[in-house]
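Step one of this worksheet: look at the structure below.
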Amino acid sequence: MSTHDDISDPYMPPPGFGGMPYAPEPPQPDAEGMVARSGEPKDEGAAFADEQAIIKSLQTVYDPEIPVNIHDLGLIYEIETKERGQVIIVMTLTAPGCPVAGILPQQVADAAAAVDSVGEAAVKLVWDPMWEPDMMSDDAKLALGF
């Protein structure tokens, strides 16, 4: 019997293992290219969403491996506000194999939809241009020692 055969023993990764045990595939885009949605469109005639409030909300979302929010990391490429409080966010990840690829776009959609002026938030995940460290804000670069 190996040391991991008893279910009461906590799982310990093999020696030298430094990565996460599971890296989900990025979500598949729908017909419009969106990979995550949250919220509902507001009534006809509702004002456009407040972009600064959306940015502030996105600054509460962090990649769990990097102690800097996704906006300051430069992962948010575009925030488009539309009628009825609709928002389309174009974003990327630090790498296509990012371990949070399956959950981060939904966290972004949820954070944007939580803003009072936002109705529906949709997130599109893109890989062009590829993210590079020089896309980070000066504050992010300082926090990470760049």
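In the structure tokens, chains take the letters A, B, ... in the order shown, each chain's residues start at 1, and ligands count up from 1 in the order shown.
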
*Quick one: DSSP alpha helix (DSSP H) residues in chain A, as a PyMOL selection string?*
chain A and resi 51-58+70-73+104-113+138-144

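Nearest to Asp134 (chain A) of all the residues A:Ser57, A:Gln107, A:Gln86, A:Thr94 is A:Thr94, counting only C-alpha atoms.
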
_Can you pull out the residues contacting region 123-132 of chain A? Cut-off 7 Å, using only C-alpha atoms, and skip same-chain residues under 6 positions away; I want them as a list in words._
Gly33, Met34, Val35, Ala36, Arg37, Ile88, Ile89, Val90, Met91, Thr92, Leu93, Thr94, Pro105 and Ala109 of chain A

Could you write out the selected residues, including C-alpha atoms, as a compact mmCIF listing (two decimals), in the first residue's frame?
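Result file is out-v9.txt:
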# COMPACT_ATOMS: atom_id res chain seq x y z
CA GLY A 33 -17.32 35.18 -30.13
CA MET A 34 -18.28 35.72 -26.48
CA VAL A 35 -17.00 33.27 -23.87
CA ALA A 36 -18.79 34.58 -20.77
CA ARG A 37 -21.96 36.53 -20.03
CA ILE A 88 -18.63 44.10 -24.23
CA ILE A 89 -15.19 43.48 -22.77
CA VAL A 90 -12.33 42.19 -24.90
CA MET A 91 -9.61 40.58 -22.84
CA THR A 92 -6.71 38.18 -22.97
CA LEU A 93 -4.78 36.06 -20.49
CA THR A 94 -1.08 35.98 -19.73
CA PRO A 105 -13.62 35.42 -18.16
CA ALA A 109 -18.34 39.29 -16.71

*May I ask which of the residues A:Ile55, A:Ala49, A:Ile66, A:Ile76 is the closest one to Met135 (chain A), counting only C-alpha atoms?*
A:Ile76

*If you measure from CA of Glu51 (chain A) to CA of Val100 (chain A), what distance in Å do you get, rounded to one decimal?*
24.9 Å

As a compact mmCIF listing (two decimals) with C-alpha atoms, in the first residue's frame, please: all residues of chain A that backbone DSSP puts in strand (DSSP E or B).
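Just written: states-v6.txt:
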# COMPACT_ATOMS: atom_id res chain seq x y z
CA ALA A 36 -18.79 34.58 -20.77
CA ARG A 37 -21.96 36.53 -20.03
CA SER A 38 -23.57 37.91 -16.91
CA GLY A 39 -26.57 40.08 -16.13
CA TYR A 62 -7.13 39.04 -9.72
CA ASN A 69 -5.56 42.99 -10.68
CA ILE A 76 -8.36 44.14 -20.57
CA TYR A 77 -7.99 45.34 -24.15
CA GLU A 78 -11.33 47.05 -24.68
CA ILE A 79 -14.49 48.05 -22.85
CA GLU A 80 -17.36 48.94 -25.18
CA THR A 81 -20.54 50.34 -23.68
CA VAL A 87 -21.02 46.10 -22.08
CA ILE A 88 -18.63 44.10 -24.23
CA ILE A 89 -15.19 43.48 -22.77
CA VAL A 90 -12.33 42.19 -24.90
CA MET A 91 -9.61 40.58 -22.84
CA GLU A 120 -25.63 42.58 -19.53
CA ALA A 121 -21.85 42.11 -19.65
CA ALA A 122 -20.26 39.92 -22.31
CA VAL A 123 -16.59 38.94 -22.41
CA LYS A 124 -14.63 38.00 -25.50
CA LEU A 125 -11.31 36.22 -25.00

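Pairwise distance (CA of Gln106 (chain A), CA of Thr60 (chain A)) equals 13.5 Å.
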